[in-house]
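For reference, upload38.pdb is printed below; it contains PDB, C-alpha atoms.
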ATOM      1  CA  MET A1282      -1.225   2.695  25.918
ATOM      2  CA  VAL A1283       1.569   1.236  28.040
ATOM      3  CA  LYS A1284       2.282  -2.459  28.529
ATOM      4  CA  TYR A1285       5.050  -4.298  30.334
ATOM      5  CA  TYR A1286       6.628  -7.528  29.088
ATOM      6  CA  LYS A1287       9.302  -9.843  30.381
ATOM      7  CA  THR A1288      10.843 -13.095  29.185
ATOM      8  CA  ASP A1289      11.388 -16.087  31.438
ATOM      9  CA  ASN A1290      12.593 -19.460  30.156
ATOM     10  CA  LYS A1291      12.501 -18.089  26.579
ATOM     11  CA  LEU A1292       8.788 -17.264  26.877
ATOM     12  CA  ILE A1293       7.374 -13.767  26.985
ATOM     13  CA  HIS A1294       4.594 -12.779  29.352
ATOM     14  CA  GLU A1295       2.951  -9.548  30.397
ATOM     15  CA  GLU A1296       3.874  -7.877  33.689
ATOM     16  CA  LYS A1297       1.760  -5.548  35.807
ATOM     17  CA  GLU A1298       4.459  -3.009  36.635
ATOM     18  CA  ILE A1299       7.972  -1.885  35.798
ATOM     19  CA  GLY A1300      10.813  -4.042  37.132
ATOM     20  CA  ASN A1301      14.279  -5.286  36.299
ATOM     21  CA  GLY A1302      14.547  -6.843  32.862
ATOM     22  CA  VAL A1303      11.162  -5.497  31.777
ATOM     23  CA  TRP A1304      10.329  -4.246  28.310
ATOM     24  CA  VAL A1305       8.056  -1.193  28.477
ATOM     25  CA  GLN A1306       6.041  -0.913  25.268
ATOM     26  CA  MET A1307       4.410   2.488  24.750
ATOM     27  CA  ILE A1308       1.963   2.870  21.852
ATOM     28  CA  ASN A1309       0.874   6.458  21.235
ATOM     29  CA  PRO A1310       1.099   7.220  24.981
ATOM     30  CA  SER A1311      -0.612  10.182  26.588
ATOM     31  CA  VAL A1312       1.388  12.861  28.369
ATOM     32  CA  SER A1313       0.368  11.442  31.750
ATOM     33  CA  GLU A1314       1.544   7.954  30.738
ATOM     34  CA  GLY A1315       4.810   9.409  29.508
ATOM     35  CA  GLN A1316       5.312  11.318  32.747
ATOM     36  CA  TYR A1317       4.663   8.183  34.802
ATOM     37  CA  VAL A1318       7.258   6.123  32.908
ATOM     38  CA  ALA A1319       9.724   9.029  32.999
ATOM     39  CA  GLU A1320       9.368   9.341  36.783
ATOM     40  CA  GLN A1321       9.666   5.600  37.360
ATOM     41  CA  LEU A1322      12.828   5.264  35.284
ATOM     42  CA  ASN A1323      14.273   8.730  35.937
ATOM     43  CA  LEU A1324      14.040   9.792  32.290
ATOM     44  CA  ASP A1325      13.569  13.144  30.612
ATOM     45  CA  ILE A1326       9.934  13.455  29.528
ATOM     46  CA  GLU A1327      11.027  15.062  26.246
ATOM     47  CA  ASP A1328      13.098  11.992  25.405
ATOM     48  CA  VAL A1329      10.214   9.674  26.286
ATOM     49  CA  LEU A1330       7.806  11.519  23.989
ATOM     50  CA  ALA A1331      10.337  12.375  21.252
ATOM     51  CA  ALA A1332       9.149   9.528  18.997
ATOM     52  CA  LEU A1333       5.636  10.999  18.919
ATOM     53  CA  ASP A1334       6.904  13.853  16.737
ATOM     54  CA  GLU A1335       6.833  12.680  13.118
ATOM     55  CA  GLU A1336       9.529  15.219  12.211
ATOM     56  CA  GLU A1337      12.100  13.731  14.593
ATOM     57  CA  SER A1338      15.169  12.419  12.791
ATOM     58  CA  SER A1339      17.091   9.230  13.518
ATOM     59  CA  ARG A1340      19.822   9.689  16.095
ATOM     60  CA  ILE A1341      21.492   8.396  19.260
ATOM     61  CA  GLU A1342      21.756  10.504  22.391
ATOM     62  CA  LEU A1343      23.759   9.423  25.434
ATOM     63  CA  GLN A1344      22.160  10.830  28.595
ATOM     64  CA  ASP A1345      22.963  10.369  32.258
ATOM     65  CA  GLY A1346      21.817   6.873  33.144
ATOM     66  CA  TYR A1347      20.183   5.997  29.832
ATOM     67  CA  THR A1348      20.542   6.059  26.041
ATOM     68  CA  LEU A1349      17.962   7.308  23.535
ATOM     69  CA  ILE A1350      17.882   5.689  20.093
ATOM     70  CA  LEU A1351      15.542   7.035  17.399
ATOM     71  CA  VAL A1352      15.094   5.232  14.080
ATOM     72  CA  ASP A1353      12.548   5.464  11.269
ATOM     73  CA  ILE A1354      10.331   2.469  10.524
ATOM     74  CA  PRO A1355       7.974   1.926   7.567
ATOM     75  CA  THR A1356       4.217   2.040   8.031
ATOM     76  CA  ILE A1357       1.012   2.275   6.003
ATOM     77  CA  GLU A1358      -1.117   5.403   5.765
ATOM     78  CA  ILE A1359      -4.263   6.297   3.829
ATOM     79  CA  ARG A1360      -3.498   8.846   1.116
ATOM     80  CA  HIS A1361      -6.105   9.873  -1.483
ATOM     81  CA  GLU A1362      -8.338   7.059  -0.216
ATOM     82  CA  LYS A1363      -5.611   4.502  -0.978
ATOM     83  CA  GLU A1364      -3.012   2.731   1.106
ATOM     84  CA  SER A1365       0.440   4.266   0.801
ATOM     85  CA  TYR A1366       3.733   3.800   2.601
ATOM     86  CA  THR A1367       5.553   6.305   4.765
ATOM     87  CA  THR A1368       7.949   6.292   7.715
ATOM     88  CA  ILE A1369       7.460   7.144  11.389
ATOM     89  CA  PRO A1370       9.914   7.376  14.301
ATOM     90  CA  LEU A1371      10.449   4.520  16.722
ATOM     91  CA  GLY A1372      12.049   5.481  20.017
ATOM     92  CA  ILE A1373      14.145   3.036  22.053
ATOM     93  CA  ILE A1374      15.417   3.967  25.501
ATOM     94  CA  LEU A1375      18.011   1.787  27.203
ATOM     95  CA  THR A1376      18.454   2.054  30.950
ATOM     96  CA  ALA A1377      20.628  -0.068  33.204
ATOM     97  CA  ASP A1378      17.842  -2.598  33.807
ATOM     98  CA  GLU A1379      14.957  -1.829  31.431
ATOM     99  CA  ILE A1380      14.236  -1.119  27.790
ATOM    100  CA  VAL A1381      11.472   1.201  26.587
ATOM    101  CA  THR A1382      10.003   1.408  23.071
ATOM    102  CA  ILE A1383       7.809   4.313  22.011
ATOM    103  CA  CYS A1384       5.850   4.587  18.771
ATOM    104  CA  THR A1385       2.682   6.286  17.560
ATOM    105  CA  GLU A1386       1.382   3.028  16.085
ATOM    106  CA  ASP A1387       1.248  -0.651  16.946
ATOM    107  CA  THR A1388       3.966  -1.535  14.469
ATOM    108  CA  PRO A1389       4.483  -5.057  13.046
ATOM    109  CA  VAL A1390       8.188  -4.630  13.844
ATOM    110  CA  LEU A1391       7.378  -5.468  17.472
ATOM    111  CA  HIS A1392       4.558  -7.958  16.850
ATOM    112  CA  THR A1393       6.934 -10.867  16.333
ATOM    113  CA  PHE A1394       8.501 -10.296  19.743
ATOM    114  CA  ILE A1395       5.154 -10.238  21.545
ATOM    115  CA  GLN A1396       4.112 -13.370  19.674
ATOM    116  CA  ASN A1397       7.341 -15.060  20.796
ATOM    117  CA  ARG A1398       8.455 -15.800  17.232
ATOM    118  CA  VAL A1399      12.024 -14.456  17.516
ATOM    119  CA  ARG A1400      14.781 -16.891  18.366
ATOM    120  CA  GLU A1401      17.064 -16.112  21.318
ATOM    121  CA  PHE A1402      14.896 -13.163  22.303
ATOM    122  CA  SER A1403      15.214 -11.949  25.862
ATOM    123  CA  THR A1404      14.135  -8.658  27.419
ATOM    124  CA  LYS A1405      17.128  -8.961  29.748
ATOM    125  CA  LYS A1406      19.613  -8.824  26.865
ATOM    126  CA  LYS A1407      18.732  -5.275  25.984
ATOM    127  CA  LEU A1408      21.367  -4.510  23.361
ATOM    128  CA  ARG A1409      20.641  -7.726  21.485
ATOM    129  CA  PHE A1410      16.949  -6.803  21.666
ATOM    130  CA  VAL A1411      17.759  -3.460  20.045
ATOM    131  CA  TYR A1412      19.696  -5.166  17.250
ATOM    132  CA  GLN A1413      16.814  -7.603  16.716
ATOM    133  CA  ILE A1414      14.379  -4.676  16.456
ATOM    134  CA  LEU A1415      16.626  -2.977  13.899
ATOM    135  CA  TYR A1416      16.960  -6.235  11.959
ATOM    136  CA  ARG A1417      13.161  -6.589  11.810
ATOM    137  CA  THR A1418      12.937  -2.966  10.703
ATOM    138  CA  ALA A1419      15.330  -3.535   7.784
ATOM    139  CA  ALA A1420      13.427  -6.713   6.851
ATOM    140  CA  LEU A1421      10.127  -4.803   6.898
ATOM    141  CA  TYR A1422      11.626  -2.146   4.609
ATOM    142  CA  GLN A1423      12.618  -4.846   2.133
ATOM    143  CA  SER A1424       9.175  -6.470   2.294
ATOM    144  CA  ASP A1425       7.419  -3.137   1.666
ATOM    145  CA  LEU A1426       9.830  -2.360  -1.175
ATOM    146  CA  ARG A1427       8.856  -5.600  -2.917
ATOM    147  CA  VAL A1428       5.186  -4.638  -2.600
ATOM    148  CA  ILE A1429       5.955  -1.203  -4.041
ATOM    149  CA  ASP A1430       7.792  -2.769  -6.980
ATOM    150  CA  LYS A1431       4.825  -5.079  -7.584
ATOM    151  CA  MET A1432       2.514  -2.040  -7.661
ATOM    152  CA  ARG A1433       4.849  -0.402 -10.178
ATOM    153  CA  THR A1434       4.842  -3.544 -12.322
ATOM    154  CA  GLU A1435       1.040  -3.586 -12.427
ATOM    155  CA  ILE A1436       1.019   0.023 -13.607
ATOM    156  CA  GLU A1437       3.763  -0.629 -16.154
ATOM    157  CA  GLU A1438       1.770  -3.495 -17.696
ATOM    158  CA  ARG A1439      -0.946  -1.005 -18.643
ATOM    159  CA  VAL A1440       1.439   1.278 -20.543
ATOM    160  CA  GLY A1441       0.286   1.675 -24.138
ATOM    161  CA  ASN A1442      -3.050  -0.073 -23.665
ATOM    162  CA  ASP A1443      -4.937   1.385 -20.755
ATOM    163  CA  THR A1444      -2.638   4.185 -19.654
ATOM    164  CA  ARG A1445      -4.417   6.723 -17.481
ATOM    165  CA  GLU A1446      -3.519   9.957 -15.758
ATOM    166  CA  GLU A1447      -4.271   8.237 -12.428
ATOM    167  CA  ASP A1448      -1.339   5.926 -13.114
ATOM    168  CA  LEU A1449       0.991   8.912 -13.386
ATOM    169  CA  ILE A1450      -0.248  10.163 -10.025
ATOM    170  CA  ALA A1451       0.221   6.697  -8.511
ATOM    171  CA  LEU A1452       3.788   6.518  -9.849
ATOM    172  CA  HIS A1453       4.517   9.952  -8.412
ATOM    173  CA  GLU A1454       3.302   8.756  -4.990
ATOM    174  CA  LEU A1455       5.476   5.648  -5.251
ATOM    175  CA  GLU A1456       8.465   7.805  -6.125
ATOM    176  CA  SER A1457       7.748  10.066  -3.124
ATOM    177  CA  THR A1458       7.523   7.007  -0.874
ATOM    178  CA  LEU A1459      10.876   5.759  -2.119
ATOM    179  CA  VAL A1460      12.410   9.167  -1.377
ATOM    180  CA  TYR A1461      11.113   8.901   2.207
ATOM    181  CA  PHE A1462      12.480   5.363   2.464
ATOM    182  CA  ALA A1463      15.900   6.361   1.128
ATOM    183  CA  THR A1464      16.162   9.288   3.557
ATOM    184  CA  SER A1465      15.115   7.150   6.523
ATOM    185  CA  LEU A1466      17.407   4.241   5.619
ATOM    186  CA  ARG A1467      20.353   6.599   5.213
ATOM    187  CA  ALA A1468      19.675   8.097   8.655
ATOM    188  CA  ASN A1469      19.236   4.614  10.159
ATOM    189  CA  GLY A1470      22.596   3.691   8.670
ATOM    190  CA  VAL A1471      24.225   6.535  10.590
ATOM    191  CA  VAL A1472      22.646   5.202  13.806
ATOM    192  CA  LEU A1473      23.952   1.701  13.076
ATOM    193  CA  ASP A1474      27.417   3.098  12.452
ATOM    194  CA  ARG A1475      27.355   4.732  15.882
ATOM    195  CA  LEU A1476      26.148   1.510  17.476
ATOM    196  CA  THR A1477      29.305  -0.253  16.251
ATOM    197  CA  ARG A1478      31.203   2.034  18.667
ATOM    198  CA  TYR A1479      28.668   1.713  21.504
ATOM    199  CA  LYS A1480      30.405   0.685  24.752
ATOM    200  CA  ARG A1481      27.932   1.675  27.464
ATOM    201  CA  LEU A1482      26.219  -1.741  27.705
ATOM    202  CA  GLU A1483      27.743  -5.194  27.543
ATOM    203  CA  GLN A1484      27.866  -6.751  24.096
ATOM    204  CA  TYR A1485      28.171 -10.475  23.565
ATOM    205  CA  PRO A1486      30.172 -11.792  20.576
ATOM    206  CA  GLU A1487      26.960 -12.928  18.877
ATOM    207  CA  ASP A1488      25.566  -9.437  19.369
ATOM    208  CA  LYS A1489      28.314  -7.926  17.235
ATOM    209  CA  GLU A1490      27.647 -10.540  14.559
ATOM    210  CA  LEU A1491      23.950  -9.653  14.654
ATOM    211  CA  LEU A1492      24.794  -5.944  14.340
ATOM    212  CA  GLY A1493      26.836  -6.753  11.258
ATOM    213  CA  ASP A1494      23.830  -8.556   9.778
ATOM    214  CA  VAL A1495      21.639  -5.544  10.541
ATOM    215  CA  ILE A1496      24.064  -3.209   8.758
ATOM    216  CA  VAL A1497      24.104  -5.504   5.716
ATOM    217  CA  GLU A1498      20.282  -5.735   5.620
ATOM    218  CA  ASN A1499      19.896  -1.976   6.019
ATOM    219  CA  GLN A1500      22.393  -1.320   3.234
ATOM    220  CA  GLN A1501      20.615  -3.828   1.009
ATOM    221  CA  ALA A1502      17.281  -2.097   1.675
ATOM    222  CA  PHE A1503      18.875   1.252   0.805
ATOM    223  CA  GLU A1504      20.251  -0.125  -2.471
ATOM    224  CA  MET A1505      16.859  -1.660  -3.309
ATOM    225  CA  THR A1506      15.261   1.737  -2.687
ATOM    226  CA  SER A1507      17.701   3.479  -5.020
ATOM    227  CA  ILE A1508      17.184   0.885  -7.766
ATOM    228  CA  TYR A1509      13.386   0.925  -7.488
ATOM    229  CA  ARG A1510      13.350   4.723  -7.450
ATOM    230  CA  ASP A1511      15.297   4.834 -10.720
ATOM    231  CA  ILE A1512      12.940   2.252 -12.240
ATOM    232  CA  VAL A1513       9.844   4.153 -11.099
ATOM    233  CA  GLN A1514      11.264   7.368 -12.509
ATOM    234  CA  GLY A1515      11.928   5.664 -15.845
ATOM    235  CA  THR A1516       8.424   4.163 -15.892
ATOM    236  CA  ARG A1517       6.890   7.550 -15.126
ATOM    237  CA  GLU A1518       8.857   9.198 -17.942
ATOM    238  CA  LEU A1519       7.831   6.400 -20.327
ATOM    239  CA  MET A1520       4.171   6.753 -19.384
ATOM    240  CA  SER A1521       4.348  10.524 -19.749
ATOM    241  CA  SER A1522       5.863  10.082 -23.225
ATOM    242  CA  VAL A1523       3.121   7.591 -24.165
ATOM    243  CA  LEU A1524       0.405  10.022 -23.088
ATOM    244  CA  ASP A1525       2.088  12.877 -24.978
ATOM    245  CA  ASN A1526       2.442  10.710 -28.083
ATOM    246  CA  ARG A1527      -1.208   9.681 -27.819
ATOM    247  CA  LEU A1528      -2.229  13.327 -27.620
ATOM    248  CA  ASN A1529      -0.055  14.180 -30.620
ATOM    249  CA  THR A1530      -1.661  11.346 -32.607
ATOM    250  CA  VAL A1531      -5.142  12.616 -31.786
ATOM    251  CA  MET A1532      -4.208  16.181 -32.736
ATOM    252  CA  LYS A1533      -2.621  14.979 -35.984
ATOM    253  CA  THR A1534      -5.753  12.985 -36.893
ATOM    254  CA  LEU A1535      -8.060  15.877 -36.096
ATOM    255  CA  THR A1536      -5.898  18.223 -38.204
ATOM    256  CA  SER A1537      -6.030  15.808 -41.165
ATOM    257  CA  VAL A1538      -9.805  15.390 -40.900
ATOM    258  CA  THR A1539     -10.237  19.158 -40.699
ATOM    259  CA  LEU A1540      -8.076  19.595 -43.816
ATOM    260  CA  ILE A1541     -10.119  17.024 -45.763
ATOM    261  CA  MET A1542     -13.426  18.526 -44.691
ATOM    262  CA  ALA A1543     -12.213  21.973 -45.705
ATOM    263  CA  VAL A1544     -12.267  21.012 -49.422
ATOM    264  CA  PRO A1545     -16.070  20.521 -49.803
ATOM    265  CA  THR A1546     -16.646  23.411 -47.410
ATOM    266  CA  VAL A1547     -14.633  25.823 -49.567
ATOM    267  CA  ILE A1548     -16.188  24.606 -52.826
ATOM    268  CA  SER A1549     -19.744  24.779 -51.495
ATOM    269  CA  GLY A1550     -18.985  28.205 -50.054
ATOM    270  CA  ILE A1551     -17.793  29.521 -53.426
ATOM    271  CA  TYR A1552     -20.837  28.195 -55.272
ATOM    272  CA  GLY A1553     -23.063  29.626 -52.577
ATOM    273  CA  MET A1554     -21.922  33.183 -53.290
ATOM    274  CA  ASN A1555     -24.550  35.610 -54.573
ATOM    275  CA  VAL A1556     -23.043  36.328 -58.051
ATOM    276  CA  ASP A1557     -24.280  36.183 -61.614
ATOM    277  CA  VAL A1558     -24.837  32.609 -62.828
ATOM    278  CA  LYS A1559     -22.850  33.211 -66.000
ATOM    279  CA  TRP A1560     -19.661  33.618 -63.971
ATOM    280  CA  MET A1561     -20.054  30.284 -62.113
ATOM    281  CA  PRO A1562     -18.333  27.320 -63.851
ATOM    282  CA  LEU A1563     -20.671  24.500 -64.862
ATOM    283  CA  ALA A1564     -23.667  26.525 -63.661
ATOM    284  CA  LYS A1565     -25.550  25.982 -66.934
ATOM    285  CA  THR A1566     -23.994  22.576 -67.769
ATOM    286  CA  THR A1567     -26.142  19.455 -67.753
ATOM    287  CA  HIS A1568     -25.409  17.447 -64.635
ATOM    288  CA  GLY A1569     -23.196  20.317 -63.408
ATOM    289  CA  PHE A1570     -24.000  19.619 -59.764
ATOM    290  CA  SER A1571     -23.011  15.953 -60.120
ATOM    291  CA  ILE A1572     -19.781  16.936 -61.837
ATOM    292  CA  ILE A1573     -18.887  19.352 -59.032
ATOM    293  CA  ILE A1574     -19.642  16.721 -56.389
ATOM    294  CA  PHE A1575     -17.559  14.158 -58.307
ATOM    295  CA  LEU A1576     -14.608  16.569 -58.576
ATOM    296  CA  THR A1577     -14.896  17.378 -54.862
ATOM    297  CA  ILE A1578     -14.778  13.676 -54.000
ATOM    298  CA  VAL A1579     -11.777  13.145 -56.274
ATOM    299  CA  ILE A1580      -9.907  16.009 -54.629
ATOM    300  CA  CYS A1581     -10.728  14.624 -51.139
ATOM    301  CA  VAL A1582      -9.567  11.122 -52.147
ATOM    302  CA  ILE A1583      -6.302  12.482 -53.539
ATOM    303  CA  LEU A1584      -5.794  14.477 -50.332
ATOM    304  CA  ILE A1585      -6.457  11.365 -48.220
ATOM    305  CA  LEU A1586      -3.896   9.370 -50.226
ATOM    306  CA  ILE A1587      -1.301  12.115 -49.779
ATOM    307  CA  LEU A1588      -1.949  12.288 -46.028
ATOM    308  CA  ARG A1589      -1.700   8.508 -45.684
ATOM    309  CA  LYS A1590       1.555   8.483 -47.607
ATOM    310  CA  LYS A1591       2.896  11.045 -45.169
ATOM    311  CA  LYS A1592       1.462   8.952 -42.285
ATOM    312  CA  MET A1593      -0.840  11.721 -41.213
ATOM    313  CA  LEU A1594      -3.832   9.329 -41.171
TER     314      LEU A1594
END
Let me see the structure of the file written as structure tokens.
Amino acid sequence: MVKYYKTDNKLIHEEKEIGNGVWVQMINPSVSEGQYVAEQLNLDIEDVLAALDEEESSRIELQDGYTLILVDIPTIEIRHEKESYTTIPLGIILTADEIVTICTEDTPVLHTFIQNRVREFSTKKKLRFVYQILYRTAALYQSDLRVIDKMRTEIEERVGNDTREEDLIALHELESTLVYFATSLRANGVVLDRLTRYKRLEQYPEDKELLGDVIVENQQAFEMTSIYRDIVQGTRELMSSVLDNRLNTVMKTLTSVTLIMAVPTVISGIYGMNVDVKWMPLAKTTHGFSIIIFLTIVICVILILILRKKKML
């Protein structure tokens, strides 16, 4: 899908075709749509469709007549029938008169621009537009990181009471997500560093200030990712230790019960042997059976007291 937008008098409206000062928004475009935009703006089709490859890394490429900027943005995907976070590429192409964004999804990073909720937004000020996109990207990372930390907190509250193996799997997925975030934020930081030396398009003084804010927000998101990853790793290790300790407790209890039950089993087994009655103690004694049962109970009670003293029960 390809749409064209332009701002006039600080209001954004949709255009019918490409023109000067137009923002070309491409959402999961087909090859034919990519070829059309590439021909209209004299772009390389591979650069136009580069953001559709999920393995593309963040970078800046200076081409003849235009600049390609690729950054990673956070998004939601369904994994194991649950919502999880990952990152996808967002392509930005700057020409002399137009700006093109390419993404496989209709990302919330760009929603605020279409809804005209960004101050001082203009499709004609292309470099500022890029910085505003990157600022929204860093803010979205931080928002998703807070959600991830809330999910971790909910799992951590169940430690020791209702700890389940599913929680370990969920923590592992959160840790994987944070690894993706850290990698993407680090790569985005390299792109931002290159943008500080970008001289191809005109930069206004406020643009440089905005770029500084973007760098700060991106660095803050990266630090949040590192902190949350360490916390998730610690929570996962704690939960794993709790599950191991719970298993050890169960095994210890079962061993103690087996040891106690072995006493009457051994005694009854001995008296059940096919030998002469005269060799069996208490065989001819009055109330011999009751005495044997009483002695068995006494031995079991003594064994229970010993096990409790040693905290085996």
Once you count only C-alpha atoms, what closest atom pair and distance in Å to one decimal does each residue of region 1357-1439 of chain A within 9 Å of region 1476-1497 of chain A have, with rows by chain and rising residue number, as JSON lines?
{"residue": "A:Leu1375", "atom": "CA", "partner": "A:Leu1482", "partner_atom": "CA", "distance": 8.9}
{"residue": "A:Ala1377", "atom": "CA", "partner": "A:Leu1482", "partner_atom": "CA", "distance": 8.0}
{"residue": "A:Lys1406", "atom": "CA", "partner": "A:Glu1483", "partner_atom": "CA", "distance": 8.9}
{"residue": "A:Lys1407", "atom": "CA", "partner": "A:Leu1482", "partner_atom": "CA", "distance": 8.5}
{"residue": "A:Leu1408", "atom": "CA", "partner": "A:Gln1484", "partner_atom": "CA", "distance": 6.9}
{"residue": "A:Arg1409", "atom": "CA", "partner": "A:Asp1488", "partner_atom": "CA", "distance": 5.6}
{"residue": "A:Tyr1412", "atom": "CA", "partner": "A:Leu1492", "partner_atom": "CA", "distance": 5.9}
{"residue": "A:Gln1413", "atom": "CA", "partner": "A:Leu1491", "partner_atom": "CA", "distance": 7.7}
{"residue": "A:Leu1415", "atom": "CA", "partner": "A:Val1495", "partner_atom": "CA", "distance": 6.6}
{"residue": "A:Tyr1416", "atom": "CA", "partner": "A:Val1495", "partner_atom": "CA", "distance": 4.9}
{"residue": "A:Arg1417", "atom": "CA", "partner": "A:Val1495", "partner_atom": "CA", "distance": 8.6}
{"residue": "A:Ala1419", "atom": "CA", "partner": "A:Val1495", "partner_atom": "CA", "distance": 7.2}
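Taking CA of Ser1457 (chain A) and CA of Asn1526 (chain A) as endpoints, the distance between them is 25.5 Å.
When the PyMOL selection byres ((chain A and resi 1339) around 9) is evaluated on the file shown here, the picked residues come out as A:Glu1337, A:Ser1338, A:Arg1340, A:Ile1341, A:Ile1350, A:Leu1351, A:Val1352, A:Asp1353, A:Pro1370, A:Leu1371, A:Ser1465, A:Ala1468, A:Asn1469, A:Val1471, A:Val1472.
Atom to atom, CA of Leu1528 (chain A) and CA of Arg1433 (chain A) stand 23.3 Å apart.
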Using the chain letters and residue numbers of this document, give as a CSV table (one decimal) with C-alpha atoms, keeping the file's coordinate frame the residues selected by the PyMOL selection byres ((chain A and resi 1535-1544) around 12).
chain,number,residue,atom,x,y,z
A,1528,LEU,CA,-2.2,13.3,-27.6
A,1529,ASN,CA,-0.1,14.2,-30.6
A,1530,THR,CA,-1.7,11.3,-32.6
A,1531,VAL,CA,-5.1,12.6,-31.8
A,1532,MET,CA,-4.2,16.2,-32.7
A,1533,LYS,CA,-2.6,15.0,-36.0
A,1534,THR,CA,-5.8,13.0,-36.9
A,1545,PRO,CA,-16.1,20.5,-49.8
A,1546,THR,CA,-16.6,23.4,-47.4
A,1547,VAL,CA,-14.6,25.8,-49.6
A,1548,ILE,CA,-16.2,24.6,-52.8
A,1549,SER,CA,-19.7,24.8,-51.5
A,1550,GLY,CA,-19.0,28.2,-50.1
A,1551,ILE,CA,-17.8,29.5,-53.4
A,1573,ILE,CA,-18.9,19.4,-59.0
A,1574,ILE,CA,-19.6,16.7,-56.4
A,1576,LEU,CA,-14.6,16.6,-58.6
A,1577,THR,CA,-14.9,17.4,-54.9
A,1578,ILE,CA,-14.8,13.7,-54.0
A,1579,VAL,CA,-11.8,13.1,-56.3
A,1580,ILE,CA,-9.9,16.0,-54.6
A,1581,CYS,CA,-10.7,14.6,-51.1
A,1582,VAL,CA,-9.6,11.1,-52.1
A,1583,ILE,CA,-6.3,12.5,-53.5
A,1584,LEU,CA,-5.8,14.5,-50.3
A,1585,ILE,CA,-6.5,11.4,-48.2
A,1586,LEU,CA,-3.9,9.4,-50.2
A,1587,ILE,CA,-1.3,12.1,-49.8
A,1588,LEU,CA,-1.9,12.3,-46.0
A,1589,ARG,CA,-1.7,8.5,-45.7
A,1591,LYS,CA,2.9,11.0,-45.2
A,1592,LYS,CA,1.5,9.0,-42.3
A,1593,MET,CA,-0.8,11.7,-41.2
A,1594,LEU,CA,-3.8,9.3,-41.2
Exercise for the section: Enter the distance from CA of Lys1287 (chain A) to CA of Ile1299 (chain A), in Å, rounded to one decimal. Expected result: 9.7 Å
Problem - Selection near Tyr1285 (chain A), 10 Å with all atoms listed in the file, sequence-local residues under 3 positions removed, as a PyMOL selection string - result: chain A and resi 1294-1300+1303-1307+1381
Problem - Shell around Glu1456 (chain A) at 8 Å using all atoms listed in the file, local window under 5 positions removed, as a list in words - result: Arg1510, Val1513 and Gln1514 of chain A
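When only C-alpha atoms are used to compute distances to Asn1309 (chain A), the closest of the residues A:Thr1388, A:Thr1367, A:Gln1344, A:Asn1290 turns out to be A:Thr1388.
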Practice task
Could you give me, as a list in words, the residues that sit within 12 Å of (2.3, 14.0, 15.8) in the file's coordinates, counting only C-alpha atoms?
Solution key: Asn1309, Pro1310, Ser1311, Leu1330, Ala1331, Ala1332, Leu1333, Asp1334, Glu1335, Glu1336, Glu1337, Ile1369, Pro1370, Cys1384, Thr1385 and Glu1386 of chain A
